[in-house]
>>> print(open('upload_25.cif').read())   # mmCIF, C-alpha atoms and all ligand atoms
data_final
loop_
_atom_site.group_PDB
_atom_site.id
_atom_site.type_symbol
_atom_site.label_atom_id
_atom_site.label_comp_id
_atom_site.auth_asym_id
_atom_site.auth_seq_id
_atom_site.Cartn_x
_atom_site.Cartn_y
_atom_site.Cartn_z
ATOM 1 C CA LEU B 221 4.871 -5.876 -12.534
ATOM 2 C CA ARG B 222 3.090 -7.134 -15.619
ATOM 3 C CA GLN B 223 3.983 -10.641 -14.608
ATOM 4 C CA GLY B 224 2.979 -9.998 -11.003
ATOM 5 C CA LEU B 225 -0.428 -8.754 -12.091
ATOM 6 C CA ASP B 226 -0.910 -11.626 -14.495
ATOM 7 C CA LYS B 227 -3.810 -13.232 -12.679
ATOM 8 C CA THR B 228 -5.678 -9.977 -12.232
ATOM 9 C CA ARG B 229 -5.020 -8.978 -15.820
ATOM 10 C CA ARG B 230 -6.342 -12.247 -17.135
ATOM 11 C CA ASN B 231 -9.362 -11.841 -14.914
ATOM 12 C CA ILE B 232 -10.200 -8.360 -16.157
ATOM 13 C CA LEU B 233 -8.528 -7.678 -19.460
ATOM 14 C CA ASN B 234 -9.674 -10.588 -21.572
ATOM 15 C CA GLN B 235 -13.284 -10.090 -20.645
ATOM 16 C CA LEU B 236 -13.003 -6.358 -21.048
ATOM 17 C CA LYS B 237 -11.605 -6.773 -24.518
ATOM 18 C CA SER B 238 -14.424 -9.027 -25.543
ATOM 19 C CA ILE B 239 -16.994 -6.609 -24.131
ATOM 20 C CA VAL B 240 -15.658 -3.508 -25.841
ATOM 21 C CA GLY B 241 -14.350 -5.297 -28.915
ATOM 22 C CA GLN B 242 -17.789 -5.621 -30.472
ATOM 23 C CA GLY B 243 -17.926 -2.069 -31.777
ATOM 24 C CA PRO B 244 -18.660 1.383 -30.418
ATOM 25 C CA LEU B 245 -19.422 1.220 -26.729
ATOM 26 C CA ASN B 246 -23.128 1.052 -25.884
ATOM 27 C CA GLN B 247 -25.138 0.985 -22.679
ATOM 28 C CA ALA B 248 -25.353 -2.799 -22.593
ATOM 29 C CA ALA B 249 -21.569 -3.024 -22.783
ATOM 30 C CA VAL B 250 -21.218 -0.469 -19.981
ATOM 31 C CA MET B 251 -23.430 -2.650 -17.784
ATOM 32 C CA GLU B 252 -21.220 -5.623 -18.545
ATOM 33 C CA ILE B 253 -18.139 -3.593 -17.633
ATOM 34 C CA GLU B 254 -19.798 -2.666 -14.362
ATOM 35 C CA ALA B 255 -20.389 -6.314 -13.513
ATOM 36 C CA LEU B 256 -16.824 -7.165 -14.484
ATOM 37 C CA LEU B 257 -15.328 -4.484 -12.244
ATOM 38 C CA LEU B 258 -17.427 -5.538 -9.283
ATOM 39 C CA GLN B 259 -16.398 -9.119 -9.800
ATOM 40 C CA ALA B 260 -12.722 -8.065 -9.900
ATOM 41 C CA ASP B 261 -12.945 -6.592 -6.372
ATOM 42 C CA VAL B 262 -12.880 -3.011 -7.554
ATOM 43 C CA GLY B 263 -15.665 -2.259 -5.062
ATOM 44 C CA VAL B 264 -18.942 -0.397 -5.404
ATOM 45 C CA GLU B 265 -17.664 3.146 -4.933
ATOM 46 C CA ALA B 266 -14.806 2.915 -7.398
ATOM 47 C CA THR B 267 -16.969 1.001 -9.877
ATOM 48 C CA ASP B 268 -19.738 3.629 -9.697
ATOM 49 C CA PHE B 269 -17.181 6.347 -10.231
ATOM 50 C CA ILE B 270 -15.717 4.648 -13.305
ATOM 51 C CA ILE B 271 -19.108 3.782 -14.788
ATOM 52 C CA ASP B 272 -20.451 7.318 -14.260
ATOM 53 C CA ALA B 273 -17.423 8.749 -16.030
ATOM 54 C CA LEU B 274 -17.814 6.280 -18.913
ATOM 55 C CA GLN B 275 -21.497 7.088 -19.327
ATOM 56 C CA GLN B 276 -20.800 10.796 -19.274
ATOM 57 C CA LYS B 277 -18.241 10.335 -22.032
ATOM 58 C CA LEU B 278 -20.626 8.178 -24.054
ATOM 59 C CA ARG B 279 -23.179 10.983 -24.064
ATOM 60 C CA GLU B 280 -20.541 13.227 -25.614
ATOM 61 C CA GLU B 281 -18.989 10.988 -28.232
ATOM 62 C CA VAL B 282 -18.893 7.567 -29.840
ATOM 63 C CA LEU B 283 -16.180 5.348 -28.396
ATOM 64 C CA PRO B 284 -14.714 2.691 -30.657
ATOM 65 C CA PRO B 285 -12.952 -0.196 -28.833
ATOM 66 C CA ASP B 286 -9.457 1.311 -28.660
ATOM 67 C CA ALA B 287 -10.763 4.671 -27.529
ATOM 68 C CA ALA B 288 -12.959 2.984 -24.919
ATOM 69 C CA ILE B 289 -9.992 1.159 -23.377
ATOM 70 C CA ALA B 290 -7.827 4.278 -23.541
ATOM 71 C CA TYR B 291 -10.527 6.301 -21.819
ATOM 72 C CA LEU B 292 -11.023 3.641 -19.172
ATOM 73 C CA LYS B 293 -7.295 3.681 -18.461
ATOM 74 C CA GLN B 294 -7.368 7.437 -18.102
ATOM 75 C CA ILE B 295 -10.293 7.376 -15.647
ATOM 76 C CA ILE B 296 -8.571 4.756 -13.509
ATOM 77 C CA ARG B 297 -5.220 6.561 -13.563
ATOM 78 C CA ASP B 298 -6.828 9.842 -12.529
ATOM 79 C CA MET B 299 -8.691 8.110 -9.751
ATOM 80 C CA LEU B 300 -5.530 6.404 -8.479
ATOM 81 C CA ASP B 301 -3.673 9.719 -8.549
ATOM 82 C CA THR B 302 -6.263 11.772 -6.683
ATOM 83 C CA PRO B 303 -4.886 11.212 -3.164
ATOM 84 C CA ILE B 304 -1.314 11.486 -4.427
ATOM 85 C CA GLN B 305 -2.036 14.992 -5.600
ATOM 86 C CA LYS B 306 -2.692 15.786 -1.967
ATOM 87 C CA SER B 307 0.690 14.368 -0.915
ATOM 88 C CA PRO B 308 2.909 14.072 -3.947
ATOM 89 C CA LYS B 309 5.233 11.275 -2.907
ATOM 90 C CA SER B 310 4.539 8.316 -5.111
ATOM 91 C CA ALA B 311 8.108 7.187 -5.767
ATOM 92 C CA PHE B 312 10.670 6.127 -3.193
ATOM 93 C CA ALA B 313 11.715 9.584 -2.133
ATOM 94 C CA PRO B 314 12.058 10.151 1.598
ATOM 95 C CA GLU B 315 13.561 13.577 2.281
ATOM 96 C CA LYS B 316 17.354 13.439 2.292
ATOM 97 C CA ASP B 317 19.397 14.585 5.308
ATOM 98 C CA THR B 318 16.287 14.453 7.480
ATOM 99 C CA LEU B 319 14.977 11.798 9.805
ATOM 100 C CA ASN B 320 12.013 10.106 8.136
ATOM 101 C CA ILE B 321 10.089 7.716 10.346
ATOM 102 C CA TRP B 322 7.766 5.224 8.704
ATOM 103 C CA LEU B 323 5.422 3.390 11.035
ATOM 104 C CA MET B 324 4.470 0.111 9.445
ATOM 105 C CA THR B 325 1.091 -1.257 10.501
ATOM 106 C CA GLY B 326 -1.043 -4.178 9.414
ATOM 107 C CA VAL B 327 -2.478 -7.439 10.680
ATOM 108 C CA ASN B 328 -0.261 -10.471 11.143
ATOM 109 C CA GLY B 329 0.236 -12.317 7.919
ATOM 110 C CA ALA B 330 -0.318 -9.269 5.699
ATOM 111 C CA GLY B 331 3.355 -9.222 4.789
ATOM 112 C CA LYS B 332 4.510 -6.462 7.118
ATOM 113 C CA THR B 333 7.842 -7.984 8.075
ATOM 114 C CA THR B 334 8.627 -8.928 4.500
ATOM 115 C CA THR B 335 7.733 -5.411 3.369
ATOM 116 C CA ILE B 336 9.982 -3.852 6.003
ATOM 117 C CA GLY B 337 12.807 -6.085 4.775
ATOM 118 C CA LYS B 338 12.189 -5.083 1.176
ATOM 119 C CA LEU B 339 11.889 -1.394 2.071
ATOM 120 C CA ALA B 340 15.094 -1.508 4.109
ATOM 121 C CA HIS B 341 16.831 -3.005 1.097
ATOM 122 C CA LEU B 342 15.393 -0.445 -1.318
ATOM 123 C CA SER B 343 16.278 2.379 1.030
ATOM 124 C CA GLN B 344 19.841 1.172 1.565
ATOM 125 C CA LYS B 345 20.254 0.625 -2.157
ATOM 126 C CA SER B 346 18.961 4.126 -2.850
ATOM 127 C CA GLY B 347 21.664 5.578 -0.640
ATOM 128 C CA TYR B 348 19.677 6.365 2.493
ATOM 129 C CA LYS B 349 21.067 5.682 5.935
ATOM 130 C CA THR B 350 18.524 3.180 7.155
ATOM 131 C CA LEU B 351 17.559 1.664 10.488
ATOM 132 C CA ILE B 352 14.797 -0.675 11.629
ATOM 133 C CA GLY B 353 13.022 -0.454 14.987
ATOM 134 C CA ALA B 354 11.536 -3.801 16.021
ATOM 135 C CA ALA B 355 8.527 -2.582 17.984
ATOM 136 C CA ASP B 356 6.327 -5.599 17.321
ATOM 137 C CA THR B 357 7.157 -6.851 20.774
ATOM 138 C CA PHE B 358 3.962 -8.843 21.073
ATOM 139 C CA ARG B 359 5.029 -11.696 18.833
ATOM 140 C CA ALA B 360 8.219 -13.357 20.012
ATOM 141 C CA ALA B 361 9.235 -14.423 16.531
ATOM 142 C CA ALA B 362 8.647 -11.028 14.959
ATOM 143 C CA VAL B 363 11.865 -9.483 16.236
ATOM 144 C CA GLU B 364 13.947 -12.434 15.048
ATOM 145 C CA GLN B 365 12.259 -12.394 11.670
ATOM 146 C CA VAL B 366 12.905 -8.699 11.187
ATOM 147 C CA LYS B 367 16.553 -9.200 12.159
ATOM 148 C CA VAL B 368 16.949 -11.821 9.467
ATOM 149 C CA TRP B 369 15.624 -9.335 6.908
ATOM 150 C CA GLY B 370 17.865 -6.584 8.282
ATOM 151 C CA SER B 371 20.956 -8.748 7.903
ATOM 152 C CA ARG B 372 20.096 -9.500 4.268
ATOM 153 C CA SER B 373 20.595 -5.872 3.345
ATOM 154 C CA GLY B 374 23.019 -4.895 6.090
ATOM 155 C CA VAL B 375 20.493 -2.730 7.932
ATOM 156 C CA GLU B 376 20.797 -2.587 11.688
ATOM 157 C CA VAL B 377 17.805 -3.487 13.839
ATOM 158 C CA VAL B 378 17.126 -1.838 17.189
ATOM 159 C CA SER B 379 15.246 -4.137 19.532
ATOM 160 C CA ASN B 380 14.800 -4.700 23.203
ATOM 161 C CA PRO B 381 15.367 -8.266 24.278
ATOM 162 C CA GLY B 382 13.440 -7.881 27.545
ATOM 163 C CA LYS B 383 10.196 -9.732 28.119
ATOM 164 C CA ASN B 384 6.927 -7.799 27.862
ATOM 165 C CA THR B 385 8.780 -4.885 26.386
ATOM 166 C CA ASP B 386 6.835 -1.724 25.779
ATOM 167 C CA PRO B 387 6.790 -0.988 22.023
ATOM 168 C CA ALA B 388 7.041 2.728 22.744
ATOM 169 C CA ALA B 389 10.288 2.065 24.655
ATOM 170 C CA VAL B 390 11.723 0.337 21.577
ATOM 171 C CA VAL B 391 10.720 3.341 19.486
ATOM 172 C CA PHE B 392 12.422 5.613 22.015
ATOM 173 C CA ASP B 393 15.651 3.582 21.742
ATOM 174 C CA ALA B 394 15.379 3.415 17.972
ATOM 175 C CA ILE B 395 15.052 7.207 17.676
ATOM 176 C CA THR B 396 18.043 7.679 19.989
ATOM 177 C CA ALA B 397 20.064 5.321 17.780
ATOM 178 C CA ALA B 398 18.772 6.987 14.617
ATOM 179 C CA LYS B 399 19.886 10.405 15.822
ATOM 180 C CA ALA B 400 23.322 9.115 16.813
ATOM 181 C CA ARG B 401 23.783 7.567 13.362
ATOM 182 C CA ASN B 402 22.264 10.383 11.284
ATOM 183 C CA THR B 403 19.698 7.912 10.032
ATOM 184 C CA GLU B 404 17.522 9.168 7.196
ATOM 185 C CA LEU B 405 14.891 6.436 7.212
ATOM 186 C CA LEU B 406 13.772 4.641 10.348
ATOM 187 C CA LEU B 407 11.330 1.823 9.621
ATOM 188 C CA VAL B 408 9.270 0.869 12.652
ATOM 189 C CA ASP B 409 7.601 -2.522 12.855
ATOM 190 C CA THR B 410 4.461 -2.435 15.007
ATOM 191 C CA ALA B 411 2.212 -5.157 16.399
ATOM 192 C CA GLY B 412 -0.633 -6.335 14.214
ATOM 193 C CA ARG B 413 -3.338 -7.194 16.663
ATOM 194 C CA LEU B 414 -6.635 -6.275 15.179
ATOM 195 C CA GLN B 415 -8.757 -8.203 17.670
ATOM 196 C CA ASN B 416 -8.565 -5.360 20.106
ATOM 197 C CA LYS B 417 -9.004 -2.020 18.428
ATOM 198 C CA LYS B 418 -8.652 -0.100 21.664
ATOM 199 C CA ASN B 419 -5.225 -1.623 22.412
ATOM 200 C CA LEU B 420 -4.111 -1.025 18.885
ATOM 201 C CA MET B 421 -5.133 2.619 19.064
ATOM 202 C CA GLU B 422 -3.508 3.114 22.439
ATOM 203 C CA GLU B 423 -0.293 1.478 21.348
ATOM 204 C CA LEU B 424 -0.057 3.453 18.141
ATOM 205 C CA SER B 425 -0.898 6.752 19.776
ATOM 206 C CA LYS B 426 1.690 6.111 22.476
ATOM 207 C CA ILE B 427 4.280 5.500 19.756
ATOM 208 C CA ARG B 428 3.172 8.734 18.085
ATOM 209 C CA ARG B 429 3.585 10.664 21.305
ATOM 210 C CA ILE B 430 7.132 9.358 21.749
ATOM 211 C CA ILE B 431 7.950 10.357 18.185
ATOM 212 C CA ASP B 432 6.457 13.837 18.620
ATOM 213 C CA LYS B 433 8.440 14.325 21.791
ATOM 214 C CA LYS B 434 11.764 12.781 20.785
ATOM 215 C CA ALA B 435 11.805 13.669 17.119
ATOM 216 C CA PRO B 436 9.429 16.590 16.577
ATOM 217 C CA ASN B 437 11.029 17.499 13.257
ATOM 218 C CA ALA B 438 10.927 14.009 11.776
ATOM 219 C CA LYS B 439 8.818 13.398 8.684
ATOM 220 C CA VAL B 440 6.415 10.738 9.877
ATOM 221 C CA GLU B 441 4.482 8.395 7.645
ATOM 222 C CA SER B 442 2.084 5.714 8.723
ATOM 223 C CA LEU B 443 1.780 2.984 6.144
ATOM 224 C CA LEU B 444 -0.758 0.189 6.239
ATOM 225 C CA VAL B 445 0.410 -3.130 4.822
ATOM 226 C CA LEU B 446 -2.582 -4.777 3.200
ATOM 227 C CA ASP B 447 -2.877 -8.258 1.692
ATOM 228 C CA ALA B 448 -4.396 -7.949 -1.787
ATOM 229 C CA THR B 449 -5.515 -11.579 -1.809
ATOM 230 C CA LEU B 450 -8.202 -10.633 0.738
ATOM 231 C CA GLY B 451 -9.867 -8.440 -1.855
ATOM 232 C CA GLN B 452 -12.845 -6.542 -0.504
ATOM 233 C CA ASN B 453 -12.511 -8.233 2.909
ATOM 234 C CA GLY B 454 -9.188 -6.499 3.447
ATOM 235 C CA LEU B 455 -10.896 -3.144 3.256
ATOM 236 C CA ARG B 456 -12.674 -3.717 6.516
ATOM 237 C CA GLN B 457 -9.316 -4.256 8.227
ATOM 238 C CA ALA B 458 -8.011 -1.181 6.508
ATOM 239 C CA GLU B 459 -10.865 0.894 7.874
ATOM 240 C CA VAL B 460 -10.084 -0.151 11.447
ATOM 241 C CA PHE B 461 -6.434 0.777 10.990
ATOM 242 C CA SER B 462 -7.257 4.061 9.372
ATOM 243 C CA GLN B 463 -9.314 4.957 12.435
ATOM 244 C CA ALA B 464 -6.473 3.940 14.737
ATOM 245 C CA ALA B 465 -3.371 5.086 12.960
ATOM 246 C CA GLN B 466 -3.695 8.370 11.001
ATOM 247 C CA LEU B 467 -2.595 6.495 7.913
ATOM 248 C CA SER B 468 -0.789 8.295 5.137
ATOM 249 C CA GLY B 469 -0.646 5.467 2.633
ATOM 250 C CA VAL B 470 -0.973 1.787 1.835
ATOM 251 C CA VAL B 471 1.431 -0.935 0.762
ATOM 252 C CA LEU B 472 -0.496 -3.548 -1.170
ATOM 253 C CA THR B 473 1.159 -6.969 -0.931
ATOM 254 C CA LYS B 474 0.807 -10.346 -2.643
ATOM 255 C CA LEU B 475 -0.483 -8.930 -5.904
ATOM 256 C CA ASP B 476 1.324 -11.786 -7.606
ATOM 257 C CA GLY B 477 -0.814 -14.411 -5.941
ATOM 258 C CA THR B 478 -4.244 -13.046 -6.695
ATOM 259 C CA ALA B 479 -6.803 -12.139 -9.317
ATOM 260 C CA LYS B 480 -8.106 -9.502 -6.907
ATOM 261 C CA GLY B 481 -5.658 -6.738 -7.842
ATOM 262 C CA GLY B 482 -8.689 -4.576 -8.610
ATOM 263 C CA VAL B 483 -8.838 -3.968 -4.872
ATOM 264 C CA ALA B 484 -6.152 -1.319 -5.400
ATOM 265 C CA LEU B 485 -8.848 0.882 -6.910
ATOM 266 C CA ALA B 486 -11.163 0.286 -3.981
ATOM 267 C CA VAL B 487 -8.412 1.142 -1.484
ATOM 268 C CA VAL B 488 -7.820 4.495 -3.091
ATOM 269 C CA LYS B 489 -11.452 5.381 -3.656
ATOM 270 C CA GLN B 490 -12.884 4.130 -0.379
ATOM 271 C CA LEU B 491 -10.091 5.062 1.991
ATOM 272 C CA GLY B 492 -8.848 8.127 0.131
ATOM 273 C CA LEU B 493 -5.300 6.904 0.680
ATOM 274 C CA PRO B 494 -2.536 6.670 -1.887
ATOM 275 C CA ILE B 495 -0.937 3.322 -2.594
ATOM 276 C CA ARG B 496 2.731 3.920 -1.971
ATOM 277 C CA PHE B 497 4.256 0.541 -2.776
ATOM 278 C CA ILE B 498 3.187 -2.753 -4.180
ATOM 279 C CA GLY B 499 4.569 -6.159 -3.326
ATOM 280 C CA ALA B 500 4.489 -8.790 -6.023
ATOM 281 C CA GLY B 501 6.639 -11.632 -4.743
ATOM 282 C CA GLU B 502 8.464 -12.960 -1.717
ATOM 283 C CA GLY B 503 11.967 -11.867 -2.738
ATOM 284 C CA ILE B 504 13.828 -8.835 -1.433
ATOM 285 C CA GLU B 505 13.555 -7.046 -4.785
ATOM 286 C CA ASP B 506 9.819 -7.677 -5.187
ATOM 287 C CA LEU B 507 8.615 -4.291 -4.026
ATOM 288 C CA ARG B 508 8.042 -1.265 -6.220
ATOM 289 C CA PRO B 509 7.022 2.298 -5.608
ATOM 290 C CA PHE B 510 3.500 2.566 -6.935
ATOM 291 C CA SER B 511 2.919 4.301 -10.235
ATOM 292 C CA SER B 512 -0.639 4.648 -11.501
ATOM 293 C CA TYR B 513 0.604 4.632 -15.078
ATOM 294 C CA GLU B 514 2.591 1.444 -14.617
ATOM 295 C CA PHE B 515 -0.224 -0.213 -12.706
ATOM 296 C CA VAL B 516 -2.907 0.574 -15.257
ATOM 297 C CA GLU B 517 -0.704 -0.455 -18.160
ATOM 298 C CA ALA B 518 0.152 -3.721 -16.414
ATOM 299 C CA LEU B 519 -3.530 -4.337 -15.789
ATOM 300 C CA LEU B 520 -5.122 -3.292 -19.064
ATOM 301 C CA SER B 521 -2.521 -3.779 -21.789
HETATM 302 P P1 LIG B 601 3.554 -10.302 8.756
HETATM 303 O O1 LIG B 601 2.955 -11.276 9.715
HETATM 304 O O2 LIG B 601 2.577 -9.256 8.354
HETATM 305 O O3 LIG B 601 4.843 -9.726 9.200
HETATM 306 O O4 LIG B 601 3.784 -11.126 7.407
HETATM 307 P P2 LIG B 601 5.100 -11.748 6.773
HETATM 308 O O5 LIG B 601 5.986 -10.655 6.289
HETATM 309 O O6 LIG B 601 5.676 -12.735 7.700
HETATM 310 O O7 LIG B 601 4.486 -12.446 5.482
HETATM 311 C C1 LIG B 601 3.535 -13.483 5.543
HETATM 312 C C2 LIG B 601 3.716 -14.387 4.313
HETATM 313 O O8 LIG B 601 3.387 -13.654 3.135
HETATM 314 C C3 LIG B 601 5.136 -14.864 4.120
HETATM 315 O O9 LIG B 601 5.112 -16.194 3.704
HETATM 316 C C4 LIG B 601 5.682 -13.961 3.004
HETATM 317 O O10 LIG B 601 6.676 -14.583 2.243
HETATM 318 C C5 LIG B 601 4.433 -13.731 2.197
HETATM 319 N N1 LIG B 601 4.491 -12.492 1.408
HETATM 320 C C6 LIG B 601 4.715 -11.235 1.835
HETATM 321 N N2 LIG B 601 4.658 -10.350 0.814
HETATM 322 C C7 LIG B 601 4.395 -11.073 -0.300
HETATM 323 C C8 LIG B 601 4.197 -10.736 -1.691
HETATM 324 O O11 LIG B 601 4.232 -9.586 -2.129
HETATM 325 N N3 LIG B 601 3.925 -11.784 -2.526
HETATM 326 C C9 LIG B 601 3.839 -13.078 -2.090
HETATM 327 N N4 LIG B 601 3.561 -14.020 -2.985
HETATM 328 N N5 LIG B 601 3.998 -13.406 -0.810
HETATM 329 C C10 LIG B 601 4.281 -12.438 0.079
#
>>> encode(input="upload_25.cif", output="structure tokens")
Amino acid sequence: LRQGLDKTRRNILNQLKSIVGQGPLNQAAVMEIEALLLQADVGVEATDFIIDALQQKLREEVLPPDAAIAYLKQIIRDMLDTPIQKSPKSAFAPEKDTLNIWLMTGVNGAGKTTTIGKLAHLSQKSGYKTLIGAADTFRAAAVEQVKVWGSRSGVEVVSNPGKNTDPAAVVFDAITAAKARNTELLLVDTAGRLQNKKNLMEELSKIRRIIDKKAPNAKVESLLVLDATLGQNGLRQAEVFSQAAQLSGVVLTKLDGTAKGGVALAVVKQLGLPIRFIGAGEGIEDLRPFSSYEFVEALLS
């Protein structure tokens, strides 16, 4: 992870060290930290939150450089953990012996298919009976691509080869197959058309209805796959999806390719959603359950 966050760390940490390294933290330094955070795609809300907390602390005590960095880490960790306290599932821990259904959403190119492949691998490796439902029926290549990923980790893919297939019908078939196989984690790929919010909403709510009807006891998650390299621009996409999809968490991808890893803080603060996984590479192993501690250490140490 440290390596994956290298660009972001270099972007933030070196400057941060030179700002706080000059002695006990003062107001001028806090202003410089504010500018640095904004520039690192942390976003206005999360930056305000961090700066307010820092200023509050400064009124109470003198912060030498090490203490300033330690306090900053603590503020960021607490902020990243706030939504997780509402739903305490930060690690890879779907409920055993139950059908968990994870709806994977996100615009084309965000890394959704790759993430499904990585998740299927992680799930299989962690001893869960895993299945993929290829309900991105809009893109012809999507089903093939997801099958390639499935075969890499030996996870079966349920798809419907018919033309103009209804995604909800694929979900129906996938749930039937999941029940027959005692599947514990069903990963559902969905279409990533953002151009038409109404279609997206209708499609996702139809899928939800099928799930509620066919698998009322399943533990359903709706995860948004978000490309970190988009920085603040990605948040706008995320907002559209969060209106359409009752999201329960975010998978932040491509952290390895960007200096904009600070966007993780903005995602949590602005959307109020936990980051569940982070992708930092194109390989099958390059996905990790999100840990605020690990993330902050990788960023600021
Ligand atoms: P989809 O259209 O959302 O399904 O996106 P894909 O899964 O096809 O991914 C789009 C591109 O992003 C591919 O070239 C992937 O290899 C790449 N990609 C996905 N996740 C990551 C990641 O975490 N790091 C890097 N560097 N590339 C990634």
>>> residues_near_ligand(input="upload_25.cif", ligand="ligand LIG 601 (chain B)", cutoff="8 Å", atoms="only C-alpha atoms and all ligand atoms", output="PyMOL selection string")
chain B and resi 326-336+362+365+412+445+447+472-477+498-503+506-507
>>> resolve_selection(input="upload_25.cif", expression="the PyMOL selection byres (((chain B and resi 230) around 12) and not hetatm)", output="CSV table (one decimal) with C-alpha atoms, keeping the file's coordinate frame")
chain,number,residue,atom,x,y,z
B,222,ARG,CA,3.1,-7.1,-15.6
B,223,GLN,CA,4.0,-10.6,-14.6
B,224,GLY,CA,3.0,-10.0,-11.0
B,225,LEU,CA,-0.4,-8.8,-12.1
B,226,ASP,CA,-0.9,-11.6,-14.5
B,227,LYS,CA,-3.8,-13.2,-12.7
B,228,THR,CA,-5.7,-10.0,-12.2
B,229,ARG,CA,-5.0,-9.0,-15.8
B,231,ASN,CA,-9.4,-11.8,-14.9
B,232,ILE,CA,-10.2,-8.4,-16.2
B,233,LEU,CA,-8.5,-7.7,-19.5
B,234,ASN,CA,-9.7,-10.6,-21.6
B,235,GLN,CA,-13.3,-10.1,-20.6
B,236,LEU,CA,-13.0,-6.4,-21.0
B,237,LYS,CA,-11.6,-6.8,-24.5
B,256,LEU,CA,-16.8,-7.2,-14.5
B,260,ALA,CA,-12.7,-8.1,-9.9
B,478,THR,CA,-4.2,-13.0,-6.7
B,479,ALA,CA,-6.8,-12.1,-9.3
B,480,LYS,CA,-8.1,-9.5,-6.9
B,481,GLY,CA,-5.7,-6.7,-7.8
B,482,GLY,CA,-8.7,-4.6,-8.6
B,518,ALA,CA,0.2,-3.7,-16.4
B,519,LEU,CA,-3.5,-4.3,-15.8
B,520,LEU,CA,-5.1,-3.3,-19.1
B,521,SER,CA,-2.5,-3.8,-21.8
>>> residues_around(input="upload_25.cif", residues="Pro494 in chain B", least_positions_apart="2", cutoff="6 Å", atoms="all atoms listed in the file", output="PyMOL selection string")
chain B and resi 303-304+469+488+496
>>> closest_residue(input="upload_25.cif", among="B:Pro387, B:Gly374, B:Pro314, B:Gly263", to="Tyr348 in chain B", atoms="only C-alpha atoms")
B:Pro314
>>> atom_distance(input="upload_25.cif", atom1="CA of Leu455 in chain B", atom2="CA of Ala484 in chain B")
10.0 Å
>>> residues_around(input="upload_25.cif", residues="Glu423 in chain B", least_positions_apart="2", cutoff="10 Å", atoms="only C-alpha atoms", output="list in words")
Asp386, Pro387, Ala388, Thr410, Ala411, Lys417, Lys418, Asn419, Leu420, Met421, Ser425, Lys426, Ile427, Arg428, Arg429, Ala464 and Ala465 of chain B
>>> closest_residue(input="upload_25.cif", among="B:Ser343, B:Gly337, B:Thr396, B:Thr302", to="Leu493 in chain B", atoms="all atoms listed in the file")
B:Thr302
>>> atom_distance(input="upload_25.cif", atom1="CA of Leu339 in chain B", atom2="CA of Ala435 in chain B")
21.3 Å
>>> closest_residue(input="upload_25.cif", among="B:Tyr291, B:Leu221, B:Ile270, B:Gln247", to="Phe497 in chain B", atoms="only C-alpha atoms")
B:Leu221
>>> atom_distance(input="upload_25.cif", atom1="CA of Leu258 in chain B", atom2="CA of Ile296 in chain B")
14.2 Å
>>> resolve_selection(input="upload_25.cif", expression="the PyMOL selection byres (((chain B and resi 366) around 12) and not hetatm)", output="NGL selection string")
:B and (331-340 or 351-357 or 359-365 or 367-379 or 407-410)
